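coords09.cif follows; it contains mmCIF, C-alpha atoms and all ligand atoms.
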data_model
loop_
_atom_site.group_PDB
_atom_site.id
_atom_site.type_symbol
_atom_site.label_atom_id
_atom_site.label_comp_id
_atom_site.auth_asym_id
_atom_site.auth_seq_id
_atom_site.Cartn_x
_atom_site.Cartn_y
_atom_site.Cartn_z
ATOM 1 C CA MET Z 1 14.682 -15.739 2.052
ATOM 2 C CA HIS Z 2 15.894 -17.079 -1.283
ATOM 3 C CA GLU Z 3 12.537 -18.505 -2.405
ATOM 4 C CA HIS Z 4 11.019 -15.169 -1.465
ATOM 5 C CA ALA Z 5 13.519 -13.353 -3.641
ATOM 6 C CA SER Z 6 13.013 -15.588 -6.661
ATOM 7 C CA ALA Z 7 9.221 -15.489 -6.413
ATOM 8 C CA ARG Z 8 9.461 -11.728 -6.772
ATOM 9 C CA GLN Z 9 12.018 -11.758 -9.574
ATOM 10 C CA ALA Z 10 9.537 -11.097 -12.366
ATOM 11 C CA LEU Z 11 8.110 -8.135 -10.460
ATOM 12 C CA GLU Z 12 11.555 -6.775 -9.677
ATOM 13 C CA GLN Z 13 12.449 -6.970 -13.335
ATOM 14 C CA MET Z 14 9.344 -4.892 -14.148
ATOM 15 C CA ILE Z 15 10.273 -2.403 -11.416
ATOM 16 C CA ARG Z 16 13.816 -2.018 -12.776
ATOM 17 C CA SER Z 17 12.719 -1.673 -16.375
ATOM 18 C CA GLY Z 18 9.920 0.729 -15.450
ATOM 19 C CA ASP Z 19 7.203 -1.559 -16.861
ATOM 20 C CA LEU Z 20 4.319 0.259 -15.186
ATOM 21 C CA GLU Z 21 1.742 -1.437 -17.443
ATOM 22 C CA GLY Z 22 2.950 -4.864 -16.372
ATOM 23 C CA LEU Z 23 2.992 -3.855 -12.718
ATOM 24 C CA LEU Z 24 -0.517 -2.426 -12.979
ATOM 25 C CA ARG Z 25 -1.726 -5.728 -14.451
ATOM 26 C CA GLN Z 26 -0.241 -7.593 -11.494
ATOM 27 C CA ALA Z 27 -1.718 -5.087 -9.052
ATOM 28 C CA GLU Z 28 -5.118 -5.529 -10.682
ATOM 29 C CA ALA Z 29 -4.973 -9.241 -9.903
ATOM 30 C CA LEU Z 30 -4.506 -8.365 -6.245
ATOM 31 C CA HIS Z 31 -6.901 -5.418 -6.095
ATOM 32 C CA GLY Z 32 -9.770 -6.859 -8.137
ATOM 33 C CA HIS Z 33 -10.135 -3.949 -10.516
ATOM 34 C CA ARG Z 34 -8.079 -1.355 -12.311
ATOM 35 C CA CYS Z 35 -8.537 2.208 -11.109
ATOM 36 C CA PRO Z 36 -6.591 5.496 -11.118
ATOM 37 C CA PHE Z 37 -5.523 5.359 -7.480
ATOM 38 C CA LEU Z 38 -4.236 1.809 -7.918
ATOM 39 C CA ALA Z 39 -2.167 3.114 -10.841
ATOM 40 C CA LEU Z 40 -0.859 5.926 -8.611
ATOM 41 C CA GLY Z 41 0.123 3.384 -5.955
ATOM 42 C CA VAL Z 42 2.018 1.367 -8.559
ATOM 43 C CA LYS Z 43 3.857 4.466 -9.787
ATOM 44 C CA ALA Z 44 4.684 5.663 -6.285
ATOM 45 C CA GLY Z 45 5.983 2.236 -5.242
ATOM 46 C CA GLN Z 46 8.121 1.837 -8.345
ATOM 47 C CA TYR Z 47 9.585 5.335 -8.033
ATOM 48 C CA ALA Z 48 10.333 4.950 -4.321
ATOM 49 C CA LEU Z 49 12.138 1.626 -4.731
ATOM 50 C CA MET Z 50 14.248 2.946 -7.594
ATOM 51 C CA GLN Z 51 15.136 6.084 -5.622
ATOM 52 C CA LEU Z 52 16.099 4.130 -2.512
ATOM 53 C CA GLN Z 53 18.033 1.649 -4.593
ATOM 54 C CA HIS Z 54 19.994 4.501 -6.123
ATOM 55 C CA HIS Z 55 20.586 5.991 -2.696
ATOM 56 C CA HIS Z 56 21.623 2.627 -1.363
ATOM 57 C CA GLN Z 57 24.112 1.936 -4.123
ATOM 58 C CA HIS Z 58 25.747 5.316 -3.994
ATOM 59 C CA HIS Z 59 25.661 6.405 -0.394
ATOM 60 C CA GLU Z 60 25.430 3.395 1.835
ATOM 61 C CA HIS Z 61 27.498 0.348 2.515
ATOM 62 C CA GLU Z 62 25.236 -1.661 4.686
ATOM 63 C CA HIS Z 63 25.250 -5.384 5.162
ATOM 64 C CA GLU Z 64 22.485 -6.448 2.855
ATOM 65 C CA HIS Z 65 21.946 -10.054 3.826
ATOM 66 C CA GLY Z 66 22.339 -9.877 7.566
ATOM 67 C CA HIS Z 67 20.257 -12.223 9.639
ATOM 68 C CA GLY Z 68 17.111 -10.521 10.804
ATOM 69 C CA HIS Z 69 14.294 -11.846 12.923
ATOM 70 C CA GLY Z 70 13.494 -14.770 10.686
ATOM 71 C CA HIS Z 71 10.349 -13.738 8.893
ATOM 72 C CA GLU Z 72 11.159 -10.310 7.678
ATOM 73 C CA HIS Z 73 10.551 -8.621 4.470
ATOM 74 C CA GLN Z 74 13.618 -8.614 2.267
ATOM 75 C CA HIS Z 75 14.193 -8.629 -1.461
ATOM 76 C CA GLY Z 76 16.549 -7.498 -4.177
ATOM 77 C CA PHE Z 77 15.895 -3.888 -3.287
ATOM 78 C CA GLY Z 78 16.957 -4.454 0.312
ATOM 79 C CA GLU Z 79 14.769 -4.389 3.338
ATOM 80 C CA VAL Z 80 12.171 -1.657 3.201
ATOM 81 C CA VAL Z 81 9.027 -0.687 5.042
ATOM 82 C CA ALA Z 82 6.103 1.293 3.668
ATOM 83 C CA VAL Z 83 4.124 3.644 5.847
ATOM 84 C CA VAL Z 84 0.797 4.362 4.129
ATOM 85 C CA GLU Z 85 -1.463 7.152 5.328
ATOM 86 C CA GLY Z 86 -4.899 5.687 4.743
ATOM 87 C CA CYS Z 87 -6.829 2.591 3.633
ATOM 88 C CA ASN Z 88 -7.690 2.948 -0.039
ATOM 89 C CA CYS Z 89 -7.053 1.663 -3.580
ATOM 90 C CA PHE Z 90 -3.657 3.394 -3.560
ATOM 91 C CA ILE Z 91 -2.197 1.059 -0.937
ATOM 92 C CA ASP Z 92 -2.770 -2.088 -2.996
ATOM 93 C CA GLY Z 93 -0.475 -0.669 -5.673
ATOM 94 C CA ILE Z 94 2.039 0.036 -2.914
ATOM 95 C CA GLN Z 95 1.765 -3.453 -1.416
ATOM 96 C CA LEU Z 96 2.134 -5.207 -4.751
ATOM 97 C CA VAL Z 97 5.125 -3.209 -5.966
ATOM 98 C CA THR Z 98 7.082 -2.701 -2.748
ATOM 99 C CA GLY Z 99 6.237 -6.168 -1.386
ATOM 100 C CA CYS Z 100 5.493 -4.524 1.960
ATOM 101 C CA THR Z 101 2.250 -6.036 3.222
ATOM 102 C CA LEU Z 102 0.310 -6.186 6.454
ATOM 103 C CA GLY Z 103 1.018 -9.910 6.533
ATOM 104 C CA ASN Z 104 4.814 -9.665 6.322
ATOM 105 C CA ASN Z 105 5.253 -6.765 8.745
ATOM 106 C CA GLY Z 106 6.400 -4.467 5.970
ATOM 107 C CA LEU Z 107 3.321 -2.244 5.943
ATOM 108 C CA LEU Z 108 2.368 0.327 8.529
ATOM 109 C CA VAL Z 109 -0.894 2.237 8.394
ATOM 110 C CA LYS Z 110 -0.785 5.761 9.722
ATOM 111 C CA ASP Z 111 -4.459 6.494 9.439
ATOM 112 C CA LEU Z 112 -4.699 10.065 8.205
ATOM 113 C CA GLY Z 113 -7.159 9.321 5.420
ATOM 114 C CA LYS Z 114 -4.661 10.357 2.737
ATOM 115 C CA ALA Z 115 -3.304 8.759 -0.412
ATOM 116 C CA ALA Z 116 0.348 9.027 0.589
ATOM 117 C CA VAL Z 117 3.227 6.710 1.342
ATOM 118 C CA THR Z 118 6.689 6.855 2.841
ATOM 119 C CA VAL Z 119 8.953 4.020 1.753
ATOM 120 C CA ALA Z 120 12.027 3.697 3.968
ATOM 121 C CA ARG Z 121 15.095 1.529 4.080
ATOM 122 C CA LYS Z 122 14.896 -0.373 7.323
ATOM 123 C CA GLN Z 123 18.527 -0.107 8.279
ATOM 124 C CA SER Z 124 19.204 3.542 7.556
ATOM 125 C CA GLY Z 125 15.771 5.175 7.600
ATOM 126 C CA ALA Z 126 16.546 6.719 4.199
ATOM 127 C CA ALA Z 127 13.093 7.401 2.823
ATOM 128 C CA VAL Z 128 10.987 8.835 0.044
ATOM 129 C CA ARG Z 129 7.515 10.220 0.696
ATOM 130 C CA LEU Z 130 5.003 10.603 -2.102
ATOM 131 C CA ALA Z 131 1.657 12.263 -1.423
ATOM 132 C CA VAL Z 132 -0.992 12.529 -4.113
ATOM 133 C CA ARG Z 133 -1.348 16.236 -4.805
ATOM 134 C CA GLY Z 134 -4.337 18.027 -3.402
ATOM 135 C CA ASP Z 135 -5.325 19.162 -6.881
ATOM 136 C CA PHE Z 136 -4.968 15.701 -8.434
ATOM 137 C CA ARG Z 137 -8.648 14.783 -8.326
ATOM 138 C CA ALA Z 138 -9.797 18.066 -9.835
ATOM 139 C CA GLY Z 139 -7.068 17.841 -12.474
ATOM 140 C CA MET Z 140 -8.023 14.281 -13.364
ATOM 141 C CA PHE Z 141 -11.685 15.200 -13.745
ATOM 142 C CA ALA Z 142 -10.641 18.158 -15.891
ATOM 143 C CA ARG Z 143 -8.568 15.835 -18.122
ATOM 144 C CA TYR Z 144 -11.474 13.392 -18.493
ATOM 145 C CA PRO Z 145 -14.682 15.440 -18.149
ATOM 146 C CA ALA Z 146 -16.957 12.540 -19.148
ATOM 147 C CA VAL Z 147 -16.124 10.582 -16.021
ATOM 148 C CA GLU Z 148 -17.011 13.061 -13.283
ATOM 149 C CA PRO Z 149 -20.835 12.842 -13.482
ATOM 150 C CA LEU Z 150 -20.562 9.052 -13.674
ATOM 151 C CA PHE Z 151 -18.210 8.971 -10.701
ATOM 152 C CA GLU Z 152 -20.678 11.070 -8.727
ATOM 153 C CA LYS Z 153 -23.605 8.844 -9.666
ATOM 154 C CA VAL Z 154 -21.973 5.423 -9.351
ATOM 155 C CA MET Z 155 -19.324 5.847 -6.644
ATOM 156 C CA VAL Z 156 -20.626 8.674 -4.459
ATOM 157 C CA GLN Z 157 -24.432 8.326 -4.638
ATOM 158 C CA LYS Z 158 -24.203 4.523 -5.204
ATOM 159 C CA GLN Z 159 -26.885 4.907 -7.856
ATOM 160 C CA GLY Z 160 -26.930 4.581 -11.612
ATOM 161 C CA THR Z 161 -28.024 1.805 -13.901
ATOM 162 C CA GLU Z 162 -26.096 -1.309 -14.796
ATOM 163 C CA GLU Z 163 -25.094 0.508 -17.973
ATOM 164 C CA ASP Z 164 -23.808 3.528 -15.993
ATOM 165 C CA ARG Z 165 -21.713 1.237 -13.855
ATOM 166 C CA HIS Z 166 -20.367 -0.527 -16.894
ATOM 167 C CA ARG Z 167 -19.485 2.737 -18.655
ATOM 168 C CA PHE Z 168 -17.907 4.103 -15.487
ATOM 169 C CA GLN Z 169 -15.757 0.987 -15.026
ATOM 170 C CA HIS Z 170 -14.640 1.144 -18.634
ATOM 171 C CA LEU Z 171 -13.668 4.831 -18.412
ATOM 172 C CA TRP Z 172 -12.057 4.394 -15.003
ATOM 173 C CA GLU Z 173 -9.809 1.610 -16.356
ATOM 174 C CA ALA Z 174 -8.842 3.665 -19.380
ATOM 175 C CA ILE Z 175 -7.960 6.603 -17.123
ATOM 176 C CA ALA Z 176 -5.860 4.371 -14.876
ATOM 177 C CA ARG Z 177 -3.795 3.300 -17.863
ATOM 178 C CA ARG Z 178 -3.453 6.861 -19.205
ATOM 179 C CA GLU Z 179 -2.413 8.189 -15.792
ATOM 180 C CA LEU Z 180 0.622 5.885 -15.950
ATOM 181 C CA GLU Z 181 2.074 8.258 -18.540
ATOM 182 C CA VAL Z 182 1.402 11.520 -16.725
ATOM 183 C CA PRO Z 183 4.646 12.915 -15.224
ATOM 184 C CA LEU Z 184 4.991 11.921 -11.581
ATOM 185 C CA GLU Z 185 5.497 15.505 -10.376
ATOM 186 C CA GLU Z 186 2.078 16.459 -11.730
ATOM 187 C CA GLN Z 187 0.465 13.798 -9.578
ATOM 188 C CA PHE Z 188 2.585 13.779 -6.436
ATOM 189 C CA LYS Z 189 4.330 15.943 -3.936
ATOM 190 C CA ILE Z 190 7.667 14.145 -3.574
ATOM 191 C CA GLU Z 191 10.231 14.526 -0.808
ATOM 192 C CA THR Z 192 13.307 12.612 0.293
ATOM 193 C CA LEU Z 193 13.851 12.375 4.014
ATOM 194 C CA THR Z 194 15.218 10.200 6.775
ATOM 195 C CA ILE Z 195 12.783 8.720 9.242
ATOM 196 C CA PRO Z 196 13.301 6.937 12.527
ATOM 197 C CA VAL Z 197 12.295 3.443 11.415
ATOM 198 C CA PRO Z 198 9.488 2.193 13.623
ATOM 199 C CA ASP Z 199 10.097 -0.999 15.533
ATOM 200 C CA THR Z 200 8.000 -3.555 13.696
ATOM 201 C CA ALA Z 201 9.398 -6.624 15.450
ATOM 202 C CA ARG Z 202 6.422 -8.881 15.942
ATOM 203 C CA SER Z 203 5.633 -10.350 19.302
ATOM 204 C CA MET Z 204 5.355 -14.126 18.888
ATOM 205 C CA GLY Z 205 4.166 -15.336 22.290
ATOM 206 C CA THR Z 206 0.732 -16.926 22.197
ATOM 207 C CA LEU Z 207 -1.754 -18.141 24.783
ATOM 208 C CA VAL Z 208 -4.912 -20.185 24.516
ATOM 209 C CA CYS Z 209 -8.148 -18.381 25.357
ATOM 210 C CA SER Z 210 -9.869 -20.181 28.238
ATOM 211 C CA ARG Z 211 -13.309 -19.625 26.742
ATOM 212 C CA CYS Z 212 -13.076 -20.257 22.975
ATOM 213 C CA GLY Z 213 -9.939 -22.383 23.073
ATOM 214 C CA GLU Z 214 -8.344 -20.466 20.205
ATOM 215 C CA GLY Z 215 -4.734 -19.376 20.169
ATOM 216 C CA VAL Z 216 -4.225 -15.683 20.773
ATOM 217 C CA LEU Z 217 -1.257 -13.357 20.805
ATOM 218 C CA ALA Z 218 -0.226 -12.900 24.427
ATOM 219 C CA THR Z 219 -0.039 -9.130 24.033
ATOM 220 C CA LYS Z 220 -3.724 -9.117 22.987
ATOM 221 C CA ALA Z 221 -5.063 -11.395 25.726
ATOM 222 C CA LYS Z 222 -6.872 -10.053 28.796
ATOM 223 C CA VAL Z 223 -6.743 -11.640 32.194
ATOM 224 C CA LYS Z 224 -10.183 -11.815 33.849
ATOM 225 C CA ASN Z 225 -10.747 -13.707 37.101
ATOM 226 C CA GLY Z 226 -7.385 -15.351 36.608
ATOM 227 C CA GLN Z 227 -8.268 -16.616 33.116
ATOM 228 C CA ASN Z 228 -6.654 -15.633 29.821
ATOM 229 C CA LEU Z 229 -9.286 -14.438 27.395
ATOM 230 C CA CYS Z 230 -9.151 -13.213 23.806
ATOM 231 C CA LEU Z 231 -10.606 -9.722 23.316
ATOM 232 C CA ALA Z 232 -13.747 -11.150 21.665
ATOM 233 C CA CYS Z 233 -14.494 -13.450 24.602
ATOM 234 C CA ALA Z 234 -13.568 -10.748 27.120
ATOM 235 C CA GLY Z 235 -15.965 -8.340 25.386
ATOM 236 C CA GLU Z 236 -13.182 -5.780 25.153
ATOM 237 C CA ALA Z 237 -12.648 -3.195 22.446
ATOM 238 C CA TYR Z 238 -10.207 -3.971 19.677
ATOM 239 C CA PHE Z 239 -8.935 -2.188 16.583
ATOM 240 C CA LEU Z 240 -10.603 -2.802 13.255
ATOM 241 C CA VAL Z 241 -8.746 -1.958 10.037
ATOM 242 C CA SER Z 242 -11.175 -1.437 7.167
ATOM 243 C CA GLY Z 243 -11.749 0.803 4.177
ATOM 244 C CA ARG Z 244 -12.950 3.409 6.658
ATOM 245 C CA GLY Z 245 -9.542 3.400 8.321
ATOM 246 C CA VAL Z 246 -8.546 2.162 11.752
ATOM 247 C CA GLU Z 247 -11.246 2.268 14.408
ATOM 248 C CA ARG Z 248 -11.592 1.077 17.945
ATOM 249 C CA VAL Z 249 -14.710 -1.099 18.151
ATOM 250 C CA THR Z 250 -16.473 -3.498 20.531
ATOM 251 C CA GLU Z 251 -18.428 -6.571 19.369
HETATM 252 ZN ZN ZN Z 301 -9.633 0.576 -6.771
HETATM 253 ZN ZN ZN Z 302 -11.759 -16.476 23.100
#

Any chance you could give the structure as structure tokens?
Ligand SMILES: [Zn+2]
Ligand SMILES: [Zn+2]
Amino acid sequence: MHEHASARQALEQMIRSGDLEGLLRQAEALHGHRCPFLALGVKAGQYALMQLQHHHQHHEHEHEHGHGHGHEHQHGFGEVVAVVEGCNCFIDGIQLVTGCTLGNNGLLVKDLGKAAVTVARKQSGAAVRLAVRGDFRAGMFARYPAVEPLFEKVMVQKQGTEEDRHRFQHLWEAIARRELEVPLEEQFKIETLTIPVPDTARSMGTLVCSRCGEGVLATKAKVKNGQNLCLACAGEAYFLVSGRGVERVTE
């Protein structure tokens, strides 16, 4: 856990000092571009960690470095999980700042198609939920009227010339940076709450699929005619997580 902690030190320093610009730059490296909802994710993640940290220091006396299940998410802000409510640009800001990712078991996707997150301390369930306000989009377009027709053309209709796309990208990046300075309460509905922390303990047992010979999580394998098969070989439905959300699909 100590290498993990030190690898995140620079980020944690930015979180503590409120260096949203620096965090947005890091998030951009992960996300591939700079956009307003990425900036919102960065702000929400930074705010939530600072709030929970405050709560932790003043109201809790938990054992910070207890031995967990080996590969769990833990850093200088204590062990937290993030429950995001959709698959969108917003969640990359959340993943980068909170360090809660799909890969490290720290991220849960509650697929409501919203830009919202609940960050919770794993041991106590003390949590902060931030949901992008329903009037955010309209307000943003009102603040930057030049971008709305371009957004419509480039992002919604998937049309527009190379120049339109270029101008849109340029404006979109500028807006992302400017939105860092807008007061949080104008962008988010914020609530503090306590949640029952979901059990994210990962099942580790694996089997080998009799058809493709690939290793597969035992809880995902299907037994057919006495053989263990992965869902792909068994032709069974599985869950696909994509930008559209979480869907049950069959190959
Ligand atoms: Zn984006
Ligand atoms: Zn297989």

Do you have, as a tab-separated table, the list of residues of chain Z lying at most 6 Å from ligand ZN 301 (chain Z), each with its nearest atom pair and that distance in Å to one decimal, counting all atoms listed in the file and ordered by chain then number?
residue	atom	partner	partner_atom	distance
Z:His33	CA	Z:ZN301	ZN	5.9
Z:Cys35	CA	Z:ZN301	ZN	4.8
Z:Leu38	CA	Z:ZN301	ZN	5.7
Z:Cys89	CA	Z:ZN301	ZN	4.2

Run the PyMOL selection byres (((chain Z and resi 212) around 10) and not hetatm) mentally over the shown coordinates, then write out the matched residues as number ranges by chain, using the chain letters and numbers from the document. Z: 208-211, 213-215, 229-230, 232-233

At most 12 Å from (-9.5, 3.2, 13.6), file frame, only C-alpha atoms: which residues, as a PyMOL selection string? chain Z and resi 86-87+109-113+237-250

Output C-alpha atoms for every residue in that selection, as a PDB file, in the frame of the given file.
ATOM      1  CA  GLY Z  86      -4.899   5.687   4.743  1.00  0.00           C
ATOM      2  CA  CYS Z  87      -6.829   2.591   3.633  1.00  0.00           C
ATOM      3  CA  VAL Z 109      -0.894   2.237   8.394  1.00  0.00           C
ATOM      4  CA  LYS Z 110      -0.785   5.761   9.722  1.00  0.00           C
ATOM      5  CA  ASP Z 111      -4.459   6.494   9.439  1.00  0.00           C
ATOM      6  CA  LEU Z 112      -4.699  10.065   8.205  1.00  0.00           C
ATOM      7  CA  GLY Z 113      -7.159   9.321   5.420  1.00  0.00           C
ATOM      8  CA  ALA Z 237     -12.648  -3.195  22.446  1.00  0.00           C
ATOM      9  CA  TYR Z 238     -10.207  -3.971  19.677  1.00  0.00           C
ATOM     10  CA  PHE Z 239      -8.935  -2.188  16.583  1.00  0.00           C
ATOM     11  CA  LEU Z 240     -10.603  -2.802  13.255  1.00  0.00           C
ATOM     12  CA  VAL Z 241      -8.746  -1.958  10.037  1.00  0.00           C
ATOM     13  CA  SER Z 242     -11.175  -1.437   7.167  1.00  0.00           C
ATOM     14  CA  GLY Z 243     -11.749   0.803   4.177  1.00  0.00           C
ATOM     15  CA  ARG Z 244     -12.950   3.409   6.658  1.00  0.00           C
ATOM     16  CA  GLY Z 245      -9.542   3.400   8.321  1.00  0.00           C
ATOM     17  CA  VAL Z 246      -8.546   2.162  11.752  1.00  0.00           C
ATOM     18  CA  GLU Z 247     -11.246   2.268  14.408  1.00  0.00           C
ATOM     19  CA  ARG Z 248     -11.592   1.077  17.945  1.00  0.00           C
ATOM     20  CA  VAL Z 249     -14.710  -1.099  18.151  1.00  0.00           C
ATOM     21  CA  THR Z 250     -16.473  -3.498  20.531  1.00  0.00           C
TER      22      THR Z 250
END

Tell me which of Z:Asp135, Z:Glu236, Z:Glu186, Z:Glu85 sits closest to ligand ZN 302 (chain Z), counting all atoms listed in the file.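 When distances to ligand ZN 302 (chain Z) are compared using all atoms listed in the file, the smallest one comes from Z:Glu236.
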
Select all residues near (9.6, -6.8, -10.7) (cut-off 12 Å, inclusive, file coordinates), counting all atoms listed in the file, and output them as JSON, numbers by chain. {"Z": [5, 6, 7, 8, 9, 10, 11, 12, 13, 14, 15, 16, 17, 18, 19, 20, 21, 22, 23, 24, 25, 26, 27, 42, 45, 46, 49, 50, 75, 76, 77, 96, 97, 98, 99]}

Nearest to Leu107 (chain Z) by atom-to-atom distance, counting only C-alpha atoms, from Z:Gln95, Z:Asn225, Z:Thr206, Z:Thr219: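 Among Z:Gln95, Z:Asn225, Z:Thr206, Z:Thr219, it is Z:Gln95 that comes nearest to Leu107 (chain Z).
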
Name the residues captured by the PyMOL selection byres (((chain Z and resi 144) around 12) and not hetatm) when it is applied to the shown file; answer as a list in words.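 Taken over the shown coordinates, the PyMOL selection byres (((chain Z and resi 144) around 12) and not hetatm) returns Pro36, Arg137, Ala138, Gly139, Met140, Phe141, Ala142, Arg143, Pro145, Ala146, Val147, Glu148, Pro149, Leu150, Phe151, Phe168, Leu171, Trp172, Ala174, Ile175, Ala176, Arg178 and Glu179 of chain Z.
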
Listed atoms of region 24-34 of chain Z boxed along x, y and z, 4 Å each side, centre and edge lengths in Å, one decimal, as JSON:
{"center_x": -5.2, "center_y": -5.3, "center_z": -10.3, "size_x": 17.9, "size_y": 15.9, "size_z": 16.4}

Would you translate the PyMOL selection byres (((chain Z and resi 189) around 7) and not hetatm) into the concrete set of residues it matches in this file, as a ChimeraX atom specification? /Z:130-133,185,188,190-191

Take the residues that were just selected and, keeping C-alpha atoms, output them as a short mmCIF file (atom, residue, chain, number, x, y, z; two decimals), keeping the file's coordinate frame.
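See out_27.cif below for the written result:
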data_model
loop_
_atom_site.label_atom_id
_atom_site.label_comp_id
_atom_site.auth_asym_id
_atom_site.auth_seq_id
_atom_site.Cartn_x
_atom_site.Cartn_y
_atom_site.Cartn_z
CA LEU Z 130 5.00 10.60 -2.10
CA ALA Z 131 1.66 12.26 -1.42
CA VAL Z 132 -0.99 12.53 -4.11
CA ARG Z 133 -1.35 16.24 -4.80
CA GLU Z 185 5.50 15.50 -10.38
CA PHE Z 188 2.58 13.78 -6.44
CA ILE Z 190 7.67 14.14 -3.57
CA GLU Z 191 10.23 14.53 -0.81
#

Set the distance at 7 Å and use only C-alpha atoms: which residues neighbour Ala127 (chain Z) once local chain neighbours fewer than 4 positions away are removed? I'd like the list as a PDB file with C-alpha atoms, in the coordinates of the input.
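Result file out_0.pdb:
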ATOM      1  CA  LEU Z  52      16.099   4.130  -2.512  1.00  0.00           C
ATOM      2  CA  THR Z 118       6.689   6.855   2.841  1.00  0.00           C
ATOM      3  CA  VAL Z 119       8.953   4.020   1.753  1.00  0.00           C
ATOM      4  CA  ALA Z 120      12.027   3.697   3.968  1.00  0.00           C
ATOM      5  CA  ARG Z 121      15.095   1.529   4.080  1.00  0.00           C
ATOM      6  CA  THR Z 192      13.307  12.612   0.293  1.00  0.00           C
ATOM      7  CA  LEU Z 193      13.851  12.375   4.014  1.00  0.00           C
ATOM      8  CA  THR Z 194      15.218  10.200   6.775  1.00  0.00           C
ATOM      9  CA  ILE Z 195      12.783   8.720   9.242  1.00  0.00           C
TER      10      ILE Z 195
END

Rounded to one decimal, what separation in Å do you get between CA of Glu79 (chain Z) and CA of Pro183 (chain Z)? 27.3 Å

Distance of CA of Gly226 (chain Z) from atom ZN of ligand ZN 302 (chain Z), expressed in Å to one decimal place: 14.2 Å

Using all atoms listed in the file, can you tell me which of Z:Asn228, Z:Thr200, Z:Gln187, Z:Gln169 comes closest to Lys43 (chain Z)?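 Nearest to Lys43 (chain Z): Z:Gln187.
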
Go through Z:Arg177, Z:Val216, Z:Val223, Z:Ser203 one by one, measure the shortest atom-to-atom distance of each to ligand ZN 302 (chain Z) using all atoms listed in the file, and give the residue with the smallest value.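 The shortest atom-to-atom distance to ligand ZN 302 (chain Z) comes from Z:Val216.
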
In Å, how far is it from CA of Gly106 (chain Z) to CA of Leu217 (chain Z)?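 Pair CA of Gly106 (chain Z) / CA of Leu217 (chain Z) returns 18.9 Å.
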